[in-house]
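Next comes entry-v1.pdb, a file with PDB, C-alpha atoms and all ligand atoms.
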```pdb
MODEL        1
ATOM      1  CA  MET Q   1      39.369 -40.410   2.021
ATOM      2  CA  LYS Q   2      39.563 -39.296   5.582
ATOM      3  CA  ALA Q   3      37.481 -42.212   6.852
ATOM      4  CA  THR Q   4      39.253 -44.168   9.512
ATOM      5  CA  ARG Q   5      36.455 -46.559  10.338
ATOM      6  CA  ALA Q   6      35.666 -49.855   8.869
ATOM      7  CA  ASP Q   7      32.481 -48.610   7.316
ATOM      8  CA  ASN Q   8      31.496 -49.956   4.005
ATOM      9  CA  PRO Q   9      32.634 -47.433   1.410
ATOM     10  CA  ALA Q  10      29.611 -48.329  -0.658
ATOM     11  CA  ASP Q  11      27.303 -47.020   2.071
ATOM     12  CA  PRO Q  12      25.972 -43.546   1.430
ATOM     13  CA  VAL Q  13      27.106 -40.963   3.981
ATOM     14  CA  ILE Q  14      23.513 -39.772   4.288
ATOM     15  CA  SER Q  15      20.465 -41.839   3.538
ATOM     16  CA  LEU Q  16      16.880 -40.773   4.154
ATOM     17  CA  ARG Q  17      14.132 -43.137   3.127
ATOM     18  CA  ALA Q  18      10.465 -42.209   3.222
ATOM     19  CA  VAL Q  19      11.122 -39.751   6.017
ATOM     20  CA  THR Q  20       8.144 -37.935   7.434
ATOM     21  CA  ALA Q  21       8.200 -35.179  10.030
ATOM     22  CA  GLU Q  22       5.661 -32.893  11.612
ATOM     23  CA  LEU Q  23       6.150 -29.532  13.216
ATOM     24  CA  GLY Q  24       3.369 -28.046  15.269
ATOM     25  CA  ALA Q  25       1.132 -30.996  14.239
ATOM     26  CA  ARG Q  26       1.615 -30.009  10.605
ATOM     27  CA  PRO Q  27       3.202 -32.416   8.121
ATOM     28  CA  VAL Q  28       6.394 -30.724   6.921
ATOM     29  CA  LEU Q  29       8.199 -33.682   5.359
ATOM     30  CA  ARG Q  30       5.863 -36.036   3.561
ATOM     31  CA  GLY Q  31       7.996 -39.035   2.769
ATOM     32  CA  ILE Q  32      11.299 -37.826   1.354
ATOM     33  CA  ASP Q  33      14.175 -39.884  -0.017
ATOM     34  CA  LEU Q  34      17.564 -38.219  -0.008
ATOM     35  CA  THR Q  35      20.935 -39.848  -0.530
ATOM     36  CA  VAL Q  36      24.430 -38.389  -0.450
ATOM     37  CA  HIS Q  37      27.139 -40.774  -1.590
ATOM     38  CA  ARG Q  38      30.756 -40.533  -0.557
ATOM     39  CA  GLY Q  39      32.544 -37.648  -2.204
ATOM     40  CA  GLU Q  40      29.336 -36.286  -3.616
ATOM     41  CA  VAL Q  41      28.184 -32.670  -3.414
ATOM     42  CA  VAL Q  42      24.405 -32.508  -3.313
ATOM     43  CA  ALA Q  43      22.381 -29.305  -3.363
ATOM     44  CA  LEU Q  44      19.017 -29.267  -1.633
ATOM     45  CA  LEU Q  45      16.829 -26.682  -3.315
ATOM     46  CA  GLY Q  46      13.269 -25.476  -3.034
ATOM     47  CA  ALA Q  47      11.081 -22.513  -2.229
ATOM     48  CA  ASN Q  48      10.842 -20.947   1.208
ATOM     49  CA  GLY Q  49       8.979 -23.265   3.531
ATOM     50  CA  SER Q  50       9.375 -26.357   1.328
ATOM     51  CA  GLY Q  51      11.120 -28.248   4.143
ATOM     52  CA  LYS Q  52      14.830 -27.954   3.322
ATOM     53  CA  SER Q  53      15.992 -26.917   6.780
ATOM     54  CA  THR Q  54      13.668 -29.425   8.404
ATOM     55  CA  ALA Q  55      15.140 -32.172   6.240
ATOM     56  CA  VAL Q  56      18.740 -31.414   7.223
ATOM     57  CA  ARG Q  57      17.735 -30.970  10.847
ATOM     58  CA  THR Q  58      16.244 -34.469  10.921
ATOM     59  CA  VAL Q  59      19.654 -35.727   9.788
ATOM     60  CA  ILE Q  60      21.452 -34.173  12.746
ATOM     61  CA  GLY Q  61      18.708 -35.155  15.160
ATOM     62  CA  GLN Q  62      17.288 -31.708  15.817
ATOM     63  CA  VAL Q  63      13.852 -32.544  14.476
ATOM     64  CA  PRO Q  64      12.166 -35.840  15.411
ATOM     65  CA  VAL Q  65      10.826 -37.925  12.574
ATOM     66  CA  THR Q  66       7.436 -39.582  12.548
ATOM     67  CA  GLY Q  67       8.367 -42.236  10.007
ATOM     68  CA  GLY Q  68      10.997 -43.532   7.622
ATOM     69  CA  GLU Q  69      14.663 -44.280   8.107
ATOM     70  CA  ILE Q  70      17.770 -42.140   8.419
ATOM     71  CA  GLU Q  71      21.317 -43.449   8.267
ATOM     72  CA  LEU Q  72      24.672 -41.695   8.616
ATOM     73  CA  PHE Q  73      27.702 -43.564   7.280
ATOM     74  CA  GLY Q  74      25.561 -46.683   7.153
ATOM     75  CA  THR Q  75      24.550 -46.455  10.823
ATOM     76  CA  PRO Q  76      20.967 -45.742  11.889
ATOM     77  CA  ARG Q  77      20.995 -42.181  13.120
ATOM     78  CA  ARG Q  78      19.741 -43.133  16.560
ATOM     79  CA  ARG Q  79      22.885 -45.206  17.073
ATOM     80  CA  PHE Q  80      25.280 -42.784  15.385
ATOM     81  CA  ARG Q  81      27.702 -41.167  17.859
ATOM     82  CA  ASP Q  82      30.630 -40.073  15.756
ATOM     83  CA  TRP Q  83      29.633 -36.447  15.382
ATOM     84  CA  ALA Q  84      33.222 -35.268  14.877
ATOM     85  CA  ARG Q  85      32.832 -36.651  11.374
ATOM     86  CA  VAL Q  86      30.039 -34.202  10.654
ATOM     87  CA  GLY Q  87      30.338 -30.437  10.307
ATOM     88  CA  TYR Q  88      27.088 -28.498  10.433
ATOM     89  CA  VAL Q  89      26.365 -24.890   9.568
ATOM     90  CA  PRO Q  90      22.846 -23.953  10.663
ATOM     91  CA  GLN Q  91      20.715 -21.428   8.851
ATOM     92  CA  ARG Q  92      20.664 -17.873  10.262
ATOM     93  CA  THR Q  93      21.731 -18.466  13.789
ATOM     94  CA  THR Q  94      21.875 -15.732  16.262
ATOM     95  CA  ALA Q  95      24.948 -15.378  18.382
ATOM     96  CA  ALA Q  96      22.545 -14.327  21.088
ATOM     97  CA  GLY Q  97      23.181 -15.704  24.493
ATOM     98  CA  GLY Q  98      24.553 -14.381  27.682
ATOM     99  CA  VAL Q  99      28.288 -14.715  27.478
ATOM    100  CA  PRO Q 100      29.862 -13.007  24.486
ATOM    101  CA  ALA Q 101      32.294 -15.512  23.024
ATOM    102  CA  THR Q 102      35.295 -14.628  20.952
ATOM    103  CA  VAL Q 103      35.660 -15.759  17.372
ATOM    104  CA  THR Q 104      38.325 -18.242  18.463
ATOM    105  CA  GLU Q 105      36.075 -19.708  21.151
ATOM    106  CA  VAL Q 106      33.222 -20.264  18.751
ATOM    107  CA  VAL Q 107      35.441 -21.945  16.182
ATOM    108  CA  SER Q 108      37.194 -23.984  18.894
ATOM    109  CA  SER Q 109      33.834 -25.386  19.974
ATOM    110  CA  GLY Q 110      33.743 -27.071  16.577
ATOM    111  CA  ARG Q 111      36.968 -28.823  17.479
ATOM    112  CA  LEU Q 112      36.003 -30.140  20.897
ATOM    113  CA  SER Q 113      34.646 -33.363  19.442
ATOM    114  CA  ARG Q 114      38.182 -34.137  18.259
ATOM    115  CA  ALA Q 115      39.986 -32.949  21.373
ATOM    116  CA  ARG Q 116      40.984 -35.470  23.998
ATOM    117  CA  PHE Q 117      39.403 -34.845  27.377
ATOM    118  CA  GLY Q 118      38.095 -31.565  26.004
ATOM    119  CA  VAL Q 119      41.580 -30.070  26.035
ATOM    120  CA  LEU Q 120      42.702 -28.353  22.860
ATOM    121  CA  ARG Q 121      46.266 -29.184  21.942
ATOM    122  CA  LYS Q 122      48.576 -27.514  19.481
ATOM    123  CA  ALA Q 123      47.165 -29.473  16.548
ATOM    124  CA  ASP Q 124      43.658 -28.423  17.543
ATOM    125  CA  ARG Q 125      44.615 -24.780  17.844
ATOM    126  CA  GLU Q 126      46.267 -24.989  14.445
ATOM    127  CA  ALA Q 127      43.130 -26.505  12.947
ATOM    128  CA  VAL Q 128      41.098 -23.639  14.406
ATOM    129  CA  HIS Q 129      43.514 -21.105  12.983
ATOM    130  CA  ARG Q 130      43.469 -22.822   9.579
ATOM    131  CA  ALA Q 131      39.681 -22.803   9.515
ATOM    132  CA  LEU Q 132      39.664 -19.083  10.320
ATOM    133  CA  GLU Q 133      42.195 -18.382   7.605
ATOM    134  CA  HIS Q 134      40.068 -20.304   5.130
ATOM    135  CA  VAL Q 135      37.165 -17.956   5.670
ATOM    136  CA  GLY Q 136      39.356 -14.862   5.891
ATOM    137  CA  MET Q 137      38.631 -14.188   9.561
ATOM    138  CA  ALA Q 138      42.006 -14.916  11.166
ATOM    139  CA  ASP Q 139      42.577 -11.240  11.895
ATOM    140  CA  ARG Q 140      39.372 -11.152  13.961
ATOM    141  CA  ALA Q 141      40.266 -14.189  16.070
ATOM    142  CA  LYS Q 142      40.247 -12.334  19.371
ATOM    143  CA  ASP Q 143      37.158 -10.235  18.717
ATOM    144  CA  SER Q 144      33.805 -10.870  20.333
ATOM    145  CA  VAL Q 145      31.348 -12.444  17.903
ATOM    146  CA  ASN Q 146      28.918  -9.727  18.926
ATOM    147  CA  ALA Q 147      31.140  -7.237  17.143
ATOM    148  CA  LEU Q 148      30.763  -8.985  13.778
ATOM    149  CA  SER Q 149      28.477  -8.253  10.871
ATOM    150  CA  GLY Q 150      25.976 -10.904   9.804
ATOM    151  CA  GLY Q 151      28.182 -12.053   6.948
ATOM    152  CA  GLN Q 152      31.284 -12.222   9.133
ATOM    153  CA  HIS Q 153      29.359 -14.194  11.726
ATOM    154  CA  GLN Q 154      28.268 -16.629   9.052
ATOM    155  CA  ARG Q 155      31.916 -17.073   8.031
ATOM    156  CA  VAL Q 156      32.799 -17.876  11.643
ATOM    157  CA  LEU Q 157      30.081 -20.548  11.746
ATOM    158  CA  ILE Q 158      31.511 -22.050   8.579
ATOM    159  CA  ALA Q 159      34.970 -22.039  10.152
ATOM    160  CA  ARG Q 160      33.522 -23.819  13.171
ATOM    161  CA  ALA Q 161      32.111 -26.545  10.908
ATOM    162  CA  LEU Q 162      35.488 -26.921   9.169
ATOM    163  CA  ALA Q 163      37.487 -27.035  12.405
ATOM    164  CA  SER Q 164      36.936 -30.726  13.072
ATOM    165  CA  ASP Q 165      38.086 -31.676   9.549
ATOM    166  CA  PRO Q 166      34.715 -33.345   8.972
ATOM    167  CA  GLU Q 167      34.154 -36.021   6.361
ATOM    168  CA  LEU Q 168      30.628 -34.780   5.866
ATOM    169  CA  LEU Q 169      29.637 -31.136   5.706
ATOM    170  CA  ILE Q 170      26.009 -30.125   6.029
ATOM    171  CA  MET Q 171      25.440 -26.456   5.365
ATOM    172  CA  ASP Q 172      22.096 -24.701   5.441
ATOM    173  CA  GLU Q 173      22.347 -21.692   3.118
ATOM    174  CA  PRO Q 174      25.989 -20.974   3.919
ATOM    175  CA  MET Q 175      26.096 -18.188   1.355
ATOM    176  CA  ALA Q 176      23.205 -16.204   2.777
ATOM    177  CA  GLY Q 177      24.418 -12.785   3.854
ATOM    178  CA  VAL Q 178      27.947 -13.406   2.623
ATOM    179  CA  ASP Q 179      29.232 -10.975   0.007
ATOM    180  CA  LEU Q 180      30.429 -12.079  -3.394
ATOM    181  CA  ALA Q 181      34.147 -11.912  -2.595
ATOM    182  CA  SER Q 182      33.657 -14.088   0.494
ATOM    183  CA  GLN Q 183      31.443 -16.449  -1.489
ATOM    184  CA  GLU Q 184      34.366 -17.039  -3.828
ATOM    185  CA  VAL Q 185      36.601 -17.744  -0.836
ATOM    186  CA  LEU Q 186      34.086 -20.217   0.511
ATOM    187  CA  ALA Q 187      33.693 -21.863  -2.871
ATOM    188  CA  THR Q 188      37.456 -22.396  -2.945
ATOM    189  CA  THR Q 189      37.415 -23.782   0.581
ATOM    190  CA  LEU Q 190      34.641 -26.169  -0.299
ATOM    191  CA  ARG Q 191      36.464 -27.269  -3.416
ATOM    192  CA  GLU Q 192      39.495 -28.129  -1.271
ATOM    193  CA  GLN Q 193      37.335 -30.082   1.163
ATOM    194  CA  VAL Q 194      35.779 -32.041  -1.669
ATOM    195  CA  ALA Q 195      39.193 -32.680  -3.224
ATOM    196  CA  ALA Q 196      40.280 -34.096   0.149
ATOM    197  CA  GLY Q 197      37.376 -36.528   0.042
ATOM    198  CA  ALA Q 198      34.623 -34.728   1.939
ATOM    199  CA  SER Q 199      30.971 -35.234   1.087
ATOM    200  CA  VAL Q 200      28.660 -32.232   1.169
ATOM    201  CA  LEU Q 201      24.964 -31.549   1.545
ATOM    202  CA  LEU Q 202      24.199 -27.900   0.848
ATOM    203  CA  VAL Q 203      20.903 -26.117   1.210
ATOM    204  CA  LEU Q 204      20.914 -23.336  -1.339
ATOM    205  CA  HIS Q 205      18.651 -20.826  -2.919
ATOM    206  CA  GLU Q 206      20.965 -20.170  -5.823
ATOM    207  CA  LEU Q 207      23.823 -22.295  -7.028
ATOM    208  CA  GLY Q 208      25.915 -19.178  -7.660
ATOM    209  CA  PRO Q 209      29.687 -19.641  -7.366
ATOM    210  CA  LEU Q 210      29.132 -23.173  -6.067
ATOM    211  CA  GLU Q 211      27.498 -24.366  -9.247
ATOM    212  CA  PRO Q 212      30.606 -26.060 -10.727
ATOM    213  CA  LEU Q 213      30.925 -28.123  -7.553
ATOM    214  CA  ILE Q 214      27.411 -29.528  -7.476
ATOM    215  CA  ASP Q 215      27.045 -33.137  -8.612
ATOM    216  CA  ARG Q 216      23.332 -33.479  -8.071
ATOM    217  CA  ALA Q 217      20.357 -31.450  -6.988
ATOM    218  CA  VAL Q 218      17.348 -32.529  -4.974
ATOM    219  CA  VAL Q 219      14.407 -30.157  -5.147
ATOM    220  CA  LEU Q 220      11.733 -30.100  -2.465
ATOM    221  CA  ARG Q 221       8.255 -28.786  -2.884
ATOM    222  CA  ASP Q 222       5.804 -28.816  -0.072
ATOM    223  CA  GLY Q 223       7.661 -31.514   1.823
ATOM    224  CA  CYS Q 224       8.062 -33.821  -1.177
ATOM    225  CA  VAL Q 225      10.975 -34.454  -3.535
ATOM    226  CA  VAL Q 226      10.021 -33.208  -7.003
ATOM    227  CA  HIS Q 227      13.441 -33.537  -8.657
ATOM    228  CA  ASP Q 228      16.552 -35.618  -8.041
ATOM    229  CA  GLY Q 229      19.193 -35.359 -10.727
ATOM    230  CA  PRO Q 230      21.370 -32.841 -12.510
ATOM    231  CA  PRO Q 231      21.106 -29.315 -11.130
ATOM    232  CA  PRO Q 232      18.240 -27.554 -12.895
ATOM    233  CA  ALA Q 233      19.526 -24.984 -15.372
ATOM    234  CA  ALA Q 234      19.446 -21.352 -14.311
ATOM    235  CA  VAL Q 235      18.592 -22.101 -10.772
ATOM    236  CA  GLY Q 236      17.642 -18.951  -9.121
ATOM    237  CA  GLN Q 237      15.098 -19.123  -6.417
ATOM    238  CA  HIS Q 238      12.528 -17.850  -8.900
ATOM    239  CA  ALA Q 239      13.214 -20.601 -11.379
ATOM    240  CA  LEU Q 240      12.388 -23.334  -8.910
ATOM    241  CA  PRO Q 241       9.164 -25.226  -9.034
ATOM    242  CA  GLY Q 242       6.879 -24.055  -6.325
ATOM    243  CA  HIS Q 243       8.422 -20.705  -5.760
ATOM    244  CA  ASP Q 244       5.516 -18.583  -4.758
ATOM    245  CA  HIS Q 245       7.109 -15.286  -3.848
ATOM    246  CA  VAL Q 246       6.116 -15.463  -0.263
ATOM    247  CA  HIS Q 247       8.305 -15.793   2.706
ATOM    248  CA  PRO Q 248       6.255 -17.702   5.251
ATOM    249  CA  HIS Q 249       7.936 -18.396   8.614
ATOM    250  CA  THR Q 250       6.828 -15.066  10.016
ATOM    251  CA  ALA Q 251       3.087 -15.309  10.344
ATOM    252  CA  ASP Q 252       1.818 -18.751  11.243
ATOM    253  CA  VAL Q 253       3.086 -21.102  13.889
ATOM    254  CA  GLY Q 254       6.445 -19.584  14.632
ATOM    255  CA  PRO Q 255       9.351 -22.024  14.721
ATOM    256  CA  VAL Q 256      10.326 -23.435  18.063
ATOM    257  CA  ARG Q 257      14.036 -23.272  18.733
ATOM    258  CA  THR Q 258      15.417 -26.669  19.631
ATOM    259  CA  GLY Q 259      18.712 -24.905  20.269
ATOM    260  CA  LEU Q 260      21.433 -27.423  19.457
ATOM    261  CA  LEU Q 261      23.673 -24.690  18.205
ATOM    262  CA  SER Q 262      21.870 -21.442  18.560
TER     263      SER Q 262
HETATM  264  N1  LIG R 301       9.283 -25.239  14.739
HETATM  265  C1  LIG R 301       8.313 -25.210  13.837
HETATM  266  N2  LIG R 301       7.027 -25.347  14.203
HETATM  267  C2  LIG R 301       6.050 -25.350  13.286
HETATM  268  N3  LIG R 301       6.257 -25.234  11.959
HETATM  269  C3  LIG R 301       7.517 -25.078  11.559
HETATM  270  C4  LIG R 301       8.628 -25.068  12.461
HETATM  271  N4  LIG R 301       9.765 -24.922  11.756
HETATM  272  C5  LIG R 301       9.396 -24.839  10.471
HETATM  273  N5  LIG R 301       8.055 -24.938  10.349
HETATM  274  C6  LIG R 301       7.287 -24.940   9.102
HETATM  275  O1  LIG R 301       7.732 -26.039   8.329
HETATM  276  C7  LIG R 301       7.782 -25.701   6.954
HETATM  277  C8  LIG R 301       9.156 -25.997   6.401
HETATM  278  O2  LIG R 301      10.115 -25.146   7.046
HETATM  279  P1  LIG R 301      11.657 -25.178   6.689
HETATM  280  O3  LIG R 301      12.311 -24.236   7.610
HETATM  281  O4  LIG R 301      12.109 -26.589   6.693
HETATM  282  O5  LIG R 301      11.650 -24.638   5.198
HETATM  283  P2  LIG R 301      12.865 -24.204   4.267
HETATM  284  O6  LIG R 301      12.658 -24.932   2.985
HETATM  285  O7  LIG R 301      14.131 -24.372   4.968
HETATM  286  O8  LIG R 301      12.555 -22.665   4.034
HETATM  287  P3  LIG R 301      13.552 -21.384   3.857
HETATM  288  O9  LIG R 301      13.950 -21.376   2.427
HETATM  289  O10 LIG R 301      12.684 -20.215   4.186
HETATM  290  O11 LIG R 301      14.696 -21.547   4.805
HETATM  291  C9  LIG R 301       7.385 -24.241   6.863
HETATM  292  O12 LIG R 301       6.039 -24.184   6.478
HETATM  293  C10 LIG R 301       7.559 -23.722   8.268
HETATM  294  O13 LIG R 301       6.649 -22.695   8.545
HETATM  295 MG    MG R 302      15.614 -23.101   5.604
ENDMDL
END
```

Can you give me the file's structure in the form of structure tokens?
Ligand SMILES: Nc1ncnc2c1ncn2[C@@H]1O[C@H](COP(=O)(O)OP(=O)(O)OP(=O)(O)O)[C@@H](O)[C@H]1O
Ligand SMILES: [Mg+2]
Amino acid sequence: MKATRADNPADPVISLRAVTAELGARPVLRGIDLTVHRGEVVALLGANGSGKSTAVRTVIGQVPVTGGEIELFGTPRRRFRDWARVGYVPQRTTAAGGVPATVTEVVSSGRLSRARFGVLRKADREAVHRALEHVGMADRAKDSVNALSGGQHQRVLIARALASDPELLIMDEPMAGVDLASQEVLATTLREQVAAGASVLLVLHELGPLEPLIDRAVVLRDGCVVHDGPPPAAVGQHALPGHDHVHPHTADVGPVRTGLLS
């Protein structure tokens, strides 16, 4: 276990109880319970628009909750400050922004929380390099992220999350847009993280190459938990309860960017 604090090892790393959230005055989470214990790999599944991203974004404080309780490592989220212990890969971010950063800069930003006085030392630079090697992007270290494909960009975001050697990884569809060969690489990386004691919350549409790693699946439907237990067999997005073959997001309210990382 990488934990250095005196937290109670029996405390879950993530605990949501009866959490409700609204976006654009619409209830999006309608009282969800979600627990990730230490060393556990939990998949969060559900149809498009069921609230998966919203749920993980409440955990990292990007979406305000209207009710319920959230704890990280046994600490109420409002009082939690130790973000170096958490690695987060957002869903479909755009690199967009004025200054084109290099791959190394983006991944290094994931290390700043560990760096003293914001200065990266040798150990930090090595951690950045290791993270890039893990995702097979070390040879692109000096390139601008604008010169990357969608899948390569996603791999860089995963490297950024790994760079701080987090105890808890939260990944929102990390496999989206990543080809099969890279998915295998990421599955191996994740396996190593878990073997080293990391806990993982993964938003997924399909278990795919990650399936052997998943301890438990929580399925959302319409902002409610409809399953919490062993991963449902043959989980493709079409096998999930509530999959309705539509891809909302585009028409209605239009998500507001809170912009923590994008
Ligand atoms: N900023 C926002 N303002 C208003 N409604 C939003 C906002 N963000 C998301 N929603 C709505 O909240 C609901 C849940 O969205 P969320 O992104 O959590 O779903 P998801 O399960 O992650 O879906 P997907 O599989 O498409 O990523 C959707 O109906 C969506 O339209
Ligand atoms: Mg989502």

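A straight line drawn from CA of Val185 (chain Q) to CA of Ala198 (chain Q) is 17.3 Å long.
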
- Message: Just want the residues within 12 Å of ligand MG 302 (chain R), written as an MDAnalysis selection string, counting all atoms listed in the file.
- Response: chainID Q and resid 44:57 89:93 171:174 176 202:205 220 247:249 255

- List, as an NGL selection string, every residue that the PyMOL selection byres (((chain Q and resi 144) around 10) and not hetatm) selects in the file provided. :Q and (99-106 or 140-143 or 145-148)

Grab the residues selected above and save them as a PDB file, keeping the file's coordinate frame with C-alpha atoms.
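To be explicit, this is the file written out as part_26.pdb:
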```pdb
ATOM      1  CA  VAL Q  99      28.288 -14.715  27.478  1.00  0.00           C
ATOM      2  CA  PRO Q 100      29.862 -13.007  24.486  1.00  0.00           C
ATOM      3  CA  ALA Q 101      32.294 -15.512  23.024  1.00  0.00           C
ATOM      4  CA  THR Q 102      35.295 -14.628  20.952  1.00  0.00           C
ATOM      5  CA  VAL Q 103      35.660 -15.759  17.372  1.00  0.00           C
ATOM      6  CA  THR Q 104      38.325 -18.242  18.463  1.00  0.00           C
ATOM      7  CA  GLU Q 105      36.075 -19.708  21.151  1.00  0.00           C
ATOM      8  CA  VAL Q 106      33.222 -20.264  18.751  1.00  0.00           C
ATOM      9  CA  ARG Q 140      39.372 -11.152  13.961  1.00  0.00           C
ATOM     10  CA  ALA Q 141      40.266 -14.189  16.070  1.00  0.00           C
ATOM     11  CA  LYS Q 142      40.247 -12.334  19.371  1.00  0.00           C
ATOM     12  CA  ASP Q 143      37.158 -10.235  18.717  1.00  0.00           C
ATOM     13  CA  VAL Q 145      31.348 -12.444  17.903  1.00  0.00           C
ATOM     14  CA  ASN Q 146      28.918  -9.727  18.926  1.00  0.00           C
ATOM     15  CA  ALA Q 147      31.140  -7.237  17.143  1.00  0.00           C
ATOM     16  CA  LEU Q 148      30.763  -8.985  13.778  1.00  0.00           C
TER      17      LEU Q 148
END
```

- Message: Evaluate the PyMOL selection byres (((chain Q and resi 163) around 7) and not hetatm) against this structure - the residues, as number ranges by chain, please.
- Response: Q: 107, 110-111, 127-128, 131, 159-162, 164-165

- Counting all atoms listed in the file, note down every residue that has an atom within 12 Å of the point (29.1, -25.5, -16.5) (file coordinates), as a ChimeraX atom specification. /Q:207-215,230-234

- Give me the residues within 10 Å of Ile70 (chain Q) as a ChimeraX atom specification, counting all atoms listed in the file and dropping any in the same chain fewer than 4 places off. /Q:14-19,33-35,58-61,65,74-78

- Do you know which residues the PyMOL selection byres (((chain Q and resi 186) around 9) and not hetatm) returns on this file, as JSON, numbers by chain? {"Q": [134, 135, 155, 158, 174, 175, 181, 182, 183, 184, 185, 187, 188, 189, 190, 191, 210]}

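With CA of Leu168 (chain Q) on one side and CA of Arg85 (chain Q) on the other, the separation reads 6.2 Å.
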
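Pairwise distance (CA of Arg114 (chain Q), CA of Glu167 (chain Q)) equals 12.7 Å.
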
Padding 5 Å on each side, edges along x, y and z: where is the centre of the box around the listed atoms of region 136-149 of chain Q, and how long are its edges in Å to one decimal? Output it as JSON.
```
{"center_x": 35.5, "center_y": -11.1, "center_z": 13.1, "size_x": 24.1, "size_y": 17.7, "size_z": 24.4}
```
